[in-house]
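The file final22.cif comes next; it holds mmCIF, C-alpha atoms.
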data_my_file
#
loop_
_atom_site.label_atom_id
_atom_site.label_comp_id
_atom_site.auth_asym_id
_atom_site.auth_seq_id
_atom_site.Cartn_x
_atom_site.Cartn_y
_atom_site.Cartn_z
CA MET A 1 -144.94 192.59 13.16
CA ALA A 2 -147.27 193.36 16.04
CA ARG A 3 -147.53 197.01 17.08
CA VAL A 4 -148.44 198.78 20.32
CA THR A 5 -151.07 201.13 18.93
CA ALA A 6 -152.50 202.77 22.05
CA GLY A 7 -152.60 202.80 25.82
CA VAL A 8 -155.71 203.12 27.93
CA ALA A 9 -155.91 203.75 31.66
CA SER A 10 -159.13 203.33 33.55
CA SER A 11 -160.39 202.79 37.06
CA HIS A 12 -162.08 199.41 37.55
CA ILE A 13 -164.60 200.19 40.30
CA PRO A 14 -166.88 197.17 40.84
CA ALA A 15 -169.98 199.34 41.45
CA ILE A 16 -169.72 200.53 37.82
CA GLY A 17 -170.13 196.94 36.65
CA ALA A 18 -173.06 196.48 39.00
CA ALA A 19 -174.69 199.71 37.77
CA LEU A 20 -174.44 198.57 34.16
CA ASP A 21 -175.52 195.00 34.87
CA LEU A 22 -178.55 196.13 36.91
CA GLY A 23 -179.68 198.72 34.34
CA LYS A 24 -178.81 201.75 36.50
CA SER A 25 -176.39 203.41 34.10
CA ASP A 26 -178.89 206.17 33.25
CA THR A 27 -179.54 207.31 36.83
CA ASP A 28 -178.39 210.78 37.93
CA TYR A 29 -175.55 209.23 39.93
CA TRP A 30 -174.13 207.04 37.16
CA ARG A 31 -174.98 208.94 33.94
CA PRO A 32 -171.92 211.25 34.13
CA VAL A 33 -169.63 208.26 34.68
CA PHE A 34 -170.75 206.47 31.52
CA ALA A 35 -170.93 209.73 29.55
CA GLY A 36 -167.26 210.22 30.39
CA TYR A 37 -166.49 207.17 28.24
CA ASP A 38 -168.65 208.15 25.21
CA TRP A 39 -165.66 209.45 23.26
CA SER A 40 -163.60 206.37 24.08
CA ARG A 41 -166.35 203.95 23.05
CA ASP A 42 -166.55 205.63 19.62
CA TRP A 43 -162.76 205.73 19.36
CA ILE A 44 -162.25 202.06 20.09
CA ALA A 45 -165.06 201.06 17.71
CA ARG A 46 -163.04 202.80 14.98
CA GLU A 47 -159.66 201.51 16.17
CA ARG A 48 -160.72 197.85 16.40
CA PRO A 49 -157.58 196.54 18.15
CA ASP A 50 -156.85 192.83 17.72
CA VAL A 51 -155.57 192.25 21.24
CA ILE A 52 -155.52 194.05 24.58
CA VAL A 53 -152.85 193.27 27.15
CA LEU A 54 -154.95 194.17 30.17
CA VAL A 55 -152.99 194.98 33.32
CA TYR A 56 -155.17 194.60 36.42
CA ASN A 57 -155.12 193.19 39.90
CA ASP A 58 -157.08 190.28 41.23
CA HIS A 59 -159.09 191.12 44.37
CA ALA A 60 -158.91 187.86 46.34
CA ASN A 61 -160.81 185.97 43.67
CA ALA A 62 -158.53 183.92 41.42
CA PHE A 63 -155.64 184.19 43.87
CA SER A 64 -156.12 183.70 47.60
CA MET A 65 -153.41 183.80 50.27
CA GLU A 66 -152.24 180.41 48.98
CA LEU A 67 -150.41 181.86 46.04
CA ILE A 68 -149.41 185.51 45.53
CA PRO A 69 -147.68 186.09 42.18
CA THR A 70 -146.18 189.54 41.73
CA PHE A 71 -146.72 189.43 37.95
CA ALA A 72 -148.88 186.73 36.32
CA ILE A 73 -149.84 186.39 32.67
CA GLY A 74 -152.89 184.44 31.47
CA VAL A 75 -152.02 182.24 28.49
CA ALA A 76 -155.33 180.38 28.17
CA GLN A 77 -157.74 180.33 25.23
CA ARG A 78 -160.59 181.49 27.48
CA PHE A 79 -161.04 183.07 30.88
CA ALA A 80 -164.26 182.56 32.85
CA VAL A 81 -165.80 185.38 34.89
CA CYS A 82 -165.50 185.05 38.69
CA ASP A 83 -168.27 184.84 41.22
CA GLU A 84 -166.92 187.44 43.65
CA GLY A 85 -169.63 186.70 46.18
CA TYR A 86 -172.58 188.46 44.52
CA GLY A 87 -172.85 185.97 41.61
CA PRO A 88 -170.76 186.24 38.39
CA ARG A 89 -171.25 189.43 36.34
CA PRO A 90 -173.52 188.73 33.34
CA VAL A 91 -170.75 189.51 30.84
CA PRO A 92 -169.25 187.33 28.11
CA GLU A 93 -166.34 185.01 28.73
CA VAL A 94 -163.02 186.59 27.86
CA GLU A 95 -161.19 185.16 24.89
CA GLY A 96 -157.41 185.04 25.15
CA HIS A 97 -154.61 185.04 22.61
CA PRO A 98 -152.42 182.08 23.67
CA GLU A 99 -149.80 182.51 20.94
CA LEU A 100 -149.06 186.14 21.78
CA ALA A 101 -149.43 185.49 25.51
CA TRP A 102 -146.84 182.68 25.45
CA HIS A 103 -144.57 184.84 23.33
CA ILE A 104 -144.83 187.68 25.88
CA ALA A 105 -144.26 185.25 28.76
CA ALA A 106 -141.14 183.81 27.14
CA SER A 107 -139.83 187.17 25.99
CA THR A 108 -140.28 188.89 29.35
CA VAL A 109 -138.71 186.00 31.31
CA LEU A 110 -135.67 186.05 29.04
CA ASP A 111 -135.72 189.84 29.51
CA GLU A 112 -135.30 189.07 33.27
CA PHE A 113 -138.93 189.56 34.40
CA ASP A 114 -139.84 186.34 36.20
CA MET A 115 -143.44 186.11 35.08
CA THR A 116 -145.86 183.55 36.54
CA ILE A 117 -147.62 181.67 33.72
CA VAL A 118 -151.29 180.92 34.34
CA ASN A 119 -153.32 178.40 32.34
CA GLU A 120 -156.46 178.47 34.51
CA LEU A 121 -157.59 181.96 35.47
CA ASP A 122 -161.03 183.31 36.32
CA VAL A 123 -161.08 187.08 35.88
CA ASP A 124 -162.76 189.54 38.23
CA HIS A 125 -164.08 193.11 38.07
CA GLY A 126 -160.53 194.44 37.77
CA LEU A 127 -160.51 193.12 34.21
CA THR A 128 -164.19 193.09 33.20
CA VAL A 129 -165.24 196.59 34.34
CA PRO A 130 -162.80 198.41 32.00
CA LEU A 131 -163.98 196.17 29.15
CA SER A 132 -167.58 197.13 29.94
CA LEU A 133 -166.73 200.84 30.04
CA LEU A 134 -165.07 200.74 26.61
CA PHE A 135 -167.28 198.19 24.84
CA GLY A 136 -170.65 198.41 26.60
CA GLN A 137 -172.71 195.23 26.71
CA PRO A 138 -171.89 193.16 23.60
CA ALA A 139 -172.87 189.48 23.17
CA SER A 140 -169.15 188.72 22.92
CA TRP A 141 -166.11 190.95 23.48
CA PRO A 142 -164.88 192.26 20.10
CA VAL A 143 -161.22 191.79 21.02
CA LYS A 144 -158.88 189.18 22.43
CA VAL A 145 -157.53 189.88 25.89
CA ILE A 146 -154.32 188.82 27.61
CA PRO A 147 -154.74 189.28 31.37
CA LEU A 148 -151.66 190.50 33.20
CA ALA A 149 -152.31 190.38 36.94
CA VAL A 150 -150.18 192.42 39.33
CA ASN A 151 -150.05 191.97 43.09
CA VAL A 152 -151.05 195.26 44.72
CA VAL A 153 -152.77 193.66 47.73
CA GLN A 154 -149.93 192.04 49.71
CA TYR A 155 -147.01 194.31 50.64
CA PRO A 156 -144.69 194.90 49.07
CA PRO A 157 -146.15 195.28 45.57
CA PRO A 158 -143.68 195.81 42.72
CA THR A 159 -142.04 199.23 42.71
CA SER A 160 -143.00 202.05 40.37
CA ASN A 161 -139.76 201.63 38.48
CA ARG A 162 -140.18 197.86 38.12
CA CYS A 163 -143.66 198.39 36.72
CA PHE A 164 -142.43 200.97 34.23
CA GLU A 165 -139.61 198.64 33.17
CA LEU A 166 -142.04 195.75 32.76
CA GLY A 167 -144.00 197.99 30.42
CA ARG A 168 -140.86 198.57 28.38
CA ALA A 169 -140.24 194.80 28.28
CA LEU A 170 -143.84 194.27 27.16
CA ARG A 171 -143.24 196.68 24.31
CA ARG A 172 -140.14 194.76 23.19
CA ALA A 173 -142.09 191.49 23.43
CA ILE A 174 -145.08 192.74 21.43
CA GLN A 175 -142.90 194.35 18.77
CA SER A 176 -141.03 191.07 18.23
CA PHE A 177 -144.19 189.02 17.58
CA PRO A 178 -144.20 188.16 13.86
CA GLU A 179 -147.93 188.48 13.17
CA ASP A 180 -149.32 191.87 12.11
CA LEU A 181 -151.51 192.74 15.09
CA SER A 182 -152.76 195.97 16.61
CA VAL A 183 -152.16 195.58 20.34
CA GLN A 184 -153.31 197.98 23.03
CA VAL A 185 -151.96 197.95 26.58
CA TRP A 186 -154.36 198.93 29.32
CA GLY A 187 -153.51 199.88 32.89
CA THR A 188 -156.39 199.73 35.36
CA GLY A 189 -157.32 200.60 38.95
CA GLY A 190 -156.93 203.86 40.84
CA MET A 191 -157.15 206.75 41.11
CA SER A 192 -157.21 208.03 44.70
CA HIS A 193 -159.30 205.85 46.99
CA GLN A 194 -159.18 204.14 50.33
CA LEU A 195 -161.51 201.27 51.20
CA GLN A 196 -160.39 200.57 54.74
CA GLY A 197 -160.11 202.03 58.21
CA PRO A 198 -161.21 205.38 59.66
CA ARG A 199 -159.49 207.21 56.78
CA ALA A 200 -161.70 205.50 54.14
CA GLY A 201 -163.13 207.77 51.49
CA LEU A 202 -159.94 209.76 50.95
CA ILE A 203 -159.84 211.55 47.58
CA ASN A 204 -156.99 213.77 46.39
CA GLU A 205 -157.87 215.47 43.11
CA PRO A 206 -154.79 217.76 42.93
CA TRP A 207 -152.47 214.79 43.37
CA ASP A 208 -154.41 212.69 40.83
CA THR A 209 -154.23 215.56 38.30
CA ASP A 210 -150.49 215.88 38.81
CA PHE A 211 -150.08 212.11 38.39
CA LEU A 212 -152.02 212.23 35.10
CA ASN A 213 -149.96 215.15 33.82
CA ARG A 214 -146.71 213.39 34.63
CA LEU A 215 -147.95 210.06 33.28
CA VAL A 216 -148.48 211.72 29.92
CA ALA A 217 -145.55 214.11 29.66
CA ASP A 218 -142.90 213.09 32.18
CA PRO A 219 -143.34 209.43 33.19
CA ASP A 220 -139.67 209.11 34.13
CA SER A 221 -140.40 211.36 37.11
CA LEU A 222 -142.88 208.77 38.46
CA ARG A 223 -140.39 205.91 38.42
CA ALA A 224 -138.86 206.90 41.75
CA MET A 225 -142.18 207.34 43.55
CA PRO A 226 -142.14 205.17 46.69
CA HIS A 227 -145.17 203.13 47.77
CA ILE A 228 -145.69 205.30 50.83
CA GLU A 229 -146.31 208.38 48.71
CA TYR A 230 -149.22 206.67 46.91
CA LEU A 231 -150.59 205.60 50.28
CA ARG A 232 -150.26 209.00 51.95
CA GLU A 233 -151.53 211.03 49.01
CA ALA A 234 -153.90 208.72 47.12
CA GLY A 235 -155.17 206.39 49.84
CA SER A 236 -154.34 202.78 50.61
CA GLU A 237 -155.93 201.48 47.41
CA GLY A 238 -154.38 204.30 45.35
CA ILE A 239 -151.35 201.99 45.14
CA GLU A 240 -153.14 200.42 42.15
CA LEU A 241 -151.75 203.32 40.10
CA VAL A 242 -148.43 201.50 39.78
CA MET A 243 -150.24 199.42 37.16
CA TRP A 244 -150.73 202.53 35.01
CA LEU A 245 -146.95 202.77 34.79
CA ILE A 246 -146.81 199.36 33.07
CA MET A 247 -149.15 200.71 30.40
CA ARG A 248 -147.12 203.90 30.05
CA GLY A 249 -143.81 202.03 29.82
CA ALA A 250 -145.24 200.01 26.93
CA LEU A 251 -145.93 203.15 24.86
CA GLY A 252 -142.32 204.26 24.44
CA GLY A 253 -141.12 207.85 24.72
CA ARG A 254 -143.57 210.52 23.66
CA VAL A 255 -147.32 210.09 23.53
CA ARG A 256 -150.32 212.11 22.39
CA GLU A 257 -153.12 212.46 24.92
CA LEU A 258 -156.34 211.73 23.04
CA GLN A 259 -158.76 211.73 25.92
CA ARG A 260 -158.94 212.41 29.65
CA PHE A 261 -161.83 212.00 32.06
CA TYR A 262 -161.89 212.46 35.83
CA HIS A 263 -164.92 212.15 38.07
CA VAL A 264 -165.65 212.07 41.81
CA PRO A 265 -167.24 210.03 43.24
CA ALA A 266 -167.82 206.61 41.77
CA SER A 267 -168.68 204.59 44.85
CA ASN A 268 -165.62 205.17 47.15
CA THR A 269 -163.29 206.24 44.37
CA ALA A 270 -161.96 209.01 42.16
CA LEU A 271 -162.42 207.66 38.65
CA GLY A 272 -159.68 208.44 36.16
CA HIS A 273 -159.42 207.55 32.48
CA VAL A 274 -156.97 208.48 29.74
CA VAL A 275 -156.36 207.33 26.17
CA LEU A 276 -152.79 207.73 24.93
CA GLU A 277 -151.29 207.17 21.51
CA PRO A 278 -147.58 206.55 20.98
CA THR A 279 -145.92 209.00 18.62
CA GLU A 280 -142.69 207.01 18.16
CA PHE A 281 -142.66 203.60 16.49
CA MET B 282 -137.82 194.55 56.14
CA ASP B 283 -139.10 197.48 58.14
CA PHE B 284 -142.57 198.60 57.14
CA SER B 285 -143.13 200.69 60.30
CA ALA B 286 -143.26 203.94 58.29
CA PHE B 287 -146.71 202.84 57.09
CA ASP B 288 -147.95 203.10 60.69
CA ASP B 289 -147.48 206.88 60.44
CA ILE B 290 -150.46 207.10 58.05
CA PRO B 291 -153.60 207.94 60.04
CA GLY B 292 -156.51 205.50 60.09
CA THR B 293 -154.86 202.97 57.78
CA ARG B 294 -153.70 199.34 58.17
CA VAL B 295 -151.29 198.43 55.40
CA PHE B 296 -151.26 194.70 54.59
CA THR B 297 -147.66 194.05 55.57
CA PRO B 298 -145.99 190.64 55.83
CA GLU B 299 -146.58 190.69 59.60
CA ARG B 300 -150.32 191.36 59.23
CA SER B 301 -150.49 188.76 56.49
CA ARG B 302 -148.94 186.10 58.76
CA ARG B 303 -151.34 186.91 61.57
CA GLY B 304 -154.32 187.07 59.26
CA TYR B 305 -153.74 183.97 57.14
CA HIS B 306 -156.57 181.84 58.53
CA LEU B 307 -158.94 184.81 58.86
CA ASN B 308 -158.42 185.65 55.20
CA GLN B 309 -158.69 182.03 54.07
CA PHE B 310 -161.95 181.69 56.05
CA CYS B 311 -163.17 184.71 54.05
CA MET B 312 -162.17 183.03 50.78
CA SER B 313 -164.22 179.96 51.73
CA LEU B 314 -167.35 182.14 51.56
CA MET B 315 -166.98 182.32 47.78
CA ALA B 316 -168.69 178.89 47.66
CA PRO B 317 -172.50 179.26 48.00
CA ALA B 318 -172.75 176.12 50.16
CA ASN B 319 -170.23 177.58 52.63
CA ARG B 320 -172.12 180.87 52.75
CA GLU B 321 -175.24 178.94 53.73
CA ARG B 322 -173.42 176.97 56.42
CA PHE B 323 -171.86 180.16 57.81
CA LYS B 324 -175.20 181.97 57.89
CA SER B 325 -176.97 179.09 59.62
CA ASP B 326 -174.43 178.95 62.50
CA GLU B 327 -171.65 181.53 62.32
CA ARG B 328 -169.91 180.50 65.53
CA ALA B 329 -169.79 176.81 64.56
CA TYR B 330 -168.46 177.63 61.11
CA LEU B 331 -165.76 179.91 62.54
CA ASP B 332 -164.74 177.22 65.02
CA GLU B 333 -163.72 175.03 62.08
CA TRP B 334 -160.90 177.50 61.39
CA PRO B 335 -157.69 177.90 63.44
CA MET B 336 -158.40 181.61 63.98
CA THR B 337 -157.76 183.53 67.19
CA GLN B 338 -160.60 184.35 69.54
CA ALA B 339 -160.13 188.05 68.75
CA GLN B 340 -160.54 187.35 65.03
CA LYS B 341 -163.69 185.30 65.57
CA THR B 342 -165.17 187.94 67.88
CA ALA B 343 -164.43 190.65 65.31
CA VAL B 344 -166.14 188.66 62.55
CA LEU B 345 -169.21 187.92 64.67
CA ALA B 346 -169.48 191.63 65.58
CA ARG B 347 -168.79 192.69 61.95
CA ASP B 348 -166.16 194.99 63.44
CA TYR B 349 -164.14 195.60 60.27
CA ASN B 350 -161.51 197.77 61.95
CA ALA B 351 -160.87 194.95 64.45
CA MET B 352 -160.65 192.51 61.55
CA LEU B 353 -158.04 194.74 59.91
CA ASP B 354 -156.15 194.99 63.21
CA THR B 355 -155.98 191.20 63.48
CA GLY B 356 -154.61 190.70 59.96
CA GLY B 357 -157.64 190.84 57.69
CA ASN B 358 -157.34 192.39 54.25
CA ILE B 359 -160.24 194.37 52.83
CA TYR B 360 -160.56 192.36 49.61
CA PHE B 361 -160.80 189.15 51.63
CA LEU B 362 -163.15 190.75 54.19
CA ALA B 363 -165.34 191.75 51.23
CA LYS B 364 -166.48 188.11 51.10
CA ILE B 365 -168.10 188.60 54.52
CA PHE B 366 -170.02 191.71 53.57
CA ALA B 367 -170.97 190.19 50.21
CA THR B 368 -172.46 187.29 52.21
CA ASP B 369 -174.36 189.90 54.24
CA GLY B 370 -175.59 191.52 51.01
CA LEU B 371 -173.76 194.81 51.65
CA SER B 372 -172.03 196.96 49.03
CA PHE B 373 -168.50 198.32 49.44
CA VAL B 374 -169.89 201.76 50.35
CA GLN B 375 -172.16 200.31 53.02
CA ALA B 376 -169.42 198.15 54.55
CA VAL B 377 -166.61 200.69 54.23
CA SER B 378 -168.65 203.41 55.91
CA THR B 379 -168.87 201.29 59.09
CA MET B 380 -165.11 201.74 59.58
CA THR B 381 -165.29 205.53 59.58
CA GLY B 382 -167.58 206.25 62.51
CA MET B 383 -170.10 207.80 60.11
CA SER B 384 -173.52 206.59 59.10
CA VAL B 385 -173.85 205.30 55.53
CA GLU B 386 -175.72 208.51 54.66
CA GLN B 387 -173.04 210.77 56.14
CA TYR B 388 -170.35 208.79 54.35
CA GLN B 389 -172.16 208.98 51.02
CA ASP B 390 -172.70 212.72 51.49
CA MET B 391 -168.97 213.13 52.12
CA MET B 392 -168.18 211.23 48.89
CA LEU B 393 -170.69 213.29 46.89
CA ALA B 394 -169.03 216.44 48.25
CA GLY B 395 -165.67 215.29 46.86
CA GLY B 396 -164.49 212.73 49.41
CA ARG B 397 -162.32 212.96 52.49
CA SER B 398 -159.69 215.67 52.19
CA PRO B 399 -156.08 214.51 52.51
CA GLU B 400 -155.30 217.58 54.66
CA GLY B 401 -154.14 216.40 58.07
CA GLN B 402 -154.52 212.77 56.93
CA ARG B 403 -151.07 212.14 55.49
CA SER B 404 -148.81 211.75 58.51
CA ILE B 405 -149.40 211.39 62.24
CA SER B 406 -145.88 212.50 63.21
CA LYS B 407 -145.80 215.53 60.96
CA GLY B 408 -149.45 216.48 61.34
CA LEU B 409 -149.73 216.98 57.58
#
Show how you would write the structure in this file as structure tokens.
Amino acid sequence: MARVTAGVASSHIPAIGAALDLGKSDTDYWRPVFAGYDWSRDWIARERPDVIVLVYNDHANAFSMELIPTFAIGVAQRFAVCDEGYGPRPVPEVEGHPELAWHIAASTVLDEFDMTIVNELDVDHGLTVPLSLLFGQPASWPVKVIPLAVNVVQYPPPTSNRCFELGRALRRAIQSFPEDLSVQVWGTGGMSHQLQGPRAGLINEPWDTDFLNRLVADPDSLRAMPHIEYLREAGSEGIELVMWLIMRGALGGRVRELQRFYHVPASNTALGHVVLEPTEF
Amino acid sequence: MDFSAFDDIPGTRVFTPERSRRGYHLNQFCMSLMAPANRERFKSDERAYLDEWPMTQAQKTAVLARDYNAMLDTGGNIYFLAKIFATDGLSFVQAVSTMTGMSVEQYQDMMLAGGRSPEGQRSISKGL
């Protein structure tokens, strides 16, 4: 049977992708950011997961105002990399896992999560930047990826509790897939940041630290957090943190925290990253 | 649904259903700039390109002036508006700083010093 072997959370700041792609990762500004992922790059090279279910949000690239799915799962064999307006990132195409993706889609719908199923999906920095941070610049990604896009742009996004419950449904889906696969679930975006209006640039390190602590040890306490608290405390784009709850829900009860990294600033954003391992199977 | 509580957050325009309805054509105009040919047509005559869209005069004026706060006020969403500043060759930091009343340098200095503090920035009514 397939197993959920780890959870990873990471910011997906587009400027990180640009820094790597343009050869600026060793500048004074960016060196600490990439160094913060050294441990995780070594870890994942040892872990060699078969598949990553990568929870991210599209940033007006694959989805416009025409169609706004709350939860959408990519079931294709391959996913091309978007041109977000600066030209596509020079990163490999993303290879999917259609069998597992269709299994998750079917399982979660029957589990009462009305997932949108996507056969044609170009992926943006929300998905490719975390891959770059964990795998560097390979000729092809050493893992298959199932994109799971969450609407956090148009209000209302899904609630904290709904995201956590989707994570639990993902866990049931993965654990009922008959093939022996090591599957990681990643939650991306965050942490505190605001990209709009006179309040842009907001960073709240104490709140981010508390969120990380609770994510690890007491995730149930985050399930009741209303959208407005993310907005007030972590900035308008801090709402992306609901996606981390999907990852955490997929890990089951207790987890071991293997790695944590927090850094300000990366572009407009407080960068957060954790690696969690489930301790109950 | 009542989303008015979001208006209590200082300096922030949450992308509510009402803003989304008002901003539909503005945001779809932004999406059109993902095609290189459309970027070229927009750059060669911005006013003529905007006039092809059923946008309000206030929206068109805000785009021409690159007044991002006015674009937010008239229903624009930042990820859609990013297509305009990508067309202009600006980064997120460069474009975002224009909404804050700071120069790019002042804004970057604030970020390097740890960002904008949330103190006094959480609630207009409570002054928190």
*Skip Tyr305 (chain B) itself and residues of its chain fewer than 4 positions away, then list as a ChimeraX atom specification all residues within 9 Å of it, counting only C-alpha atoms.*
/A:65 /B:300-301,309-310,336,356-357
*Between A:Gly126, A:Pro158, A:Gly235, A:Gly96, which is the closest to chain B once you count only C-alpha atoms?*
A:Gly235
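All protein and nucleic acid residues in the vicinity of (-165.1, 197.7, 60.7), that is within 8 Å when counting all atoms listed in the file, are A:Gly197, B:Arg347, B:Asp348, B:Tyr349, B:Asn350, B:Ala351, B:Met352, B:Leu353, B:Ala376, B:Val377, B:Thr379, B:Met380, B:Thr381.
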*Using only C-alpha atoms, which residues sit within 8 Å of Ser160 (chain A) once same-chain residues fewer than 5 positions away are excluded, as a PyMOL selection string?*
chain A and resi 222-227+242+245
_Proximal residues of chain B relative to chain A (all atoms listed in the file; 7 Å) as a PyMOL selection string_ = chain B and resi 287+290-294+296-298+305+309+312+315+350+359-361+364+367-368+374+377+380-381+392-393+395-399+403
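CA of Leu166 (chain A) is found 7.1 Å from CA of Phe113 (chain A).
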*If you measure from CA of Asn119 (chain A) to CA of Phe79 (chain A), what distance in Å do you get, rounded to one decimal?*
9.1 Å
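Note that CA of Ala101 (chain A) and CA of Asp50 (chain A) are 13.0 Å apart.
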_For a quick check of understanding, using all atoms listed in the file, which of A:Lys24, A:Arg78, A:Lys144, A:Arg168 has the smallest distance to Leu121 (chain A)?_
A:Arg78
*Excluding Gly249 (chain A) and residues on its chain fewer than 6 positions from it, collect all residues at most 9 Å away from it, counting all atoms listed in the file, and give them as a PyMOL selection string.*
chain A and resi 163-171+219
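Each of B:Asp289, B:Glu299, B:Asp369, B:Asp390 was compared to Leu314 (chain B) using only C-alpha atoms, and B:Asp369 turns out to be the nearest.
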Got a sec: who's within 9 Å of Val216 (chain A), counting only C-alpha atoms, leaving out chain neighbours fewer than 6 positions off, as a short mmCIF file (atom, residue, chain, number, x, y, z; two decimals) with C-alpha atoms, in the frame of the given file?
data_model
loop_
_atom_site.label_atom_id
_atom_site.label_comp_id
_atom_site.auth_asym_id
_atom_site.auth_seq_id
_atom_site.Cartn_x
_atom_site.Cartn_y
_atom_site.Cartn_z
CA ARG A 248 -147.12 203.90 30.05
CA ARG A 254 -143.57 210.52 23.66
CA VAL A 255 -147.32 210.09 23.53
CA ARG A 256 -150.32 212.11 22.39
CA GLU A 257 -153.12 212.46 24.92
CA LEU A 276 -152.79 207.73 24.93
#
_Show me, as an MDAnalysis selection string, the residues that have an atom within 8 Å of Ile146 (chain A) when counting all atoms listed in the file, minus same-chain residues fewer than 2 positions from it._
chainID A and resid 51:54 73:75 96:97 101 144 148
*Name the residues that the PyMOL selection byres ((chain A and resi 173) around 8) picks from the file above, as an MDAnalysis selection string, using the file's chain letters and numbers.*
chainID A and resid 103:104 107:108 169:172 174:177
*Apply the PyMOL selection byres ((chain A and resi 115) around 6) to the structure shown and report the selected residues as a ChimeraX atom specification.*
/A:71-72,113-114,116
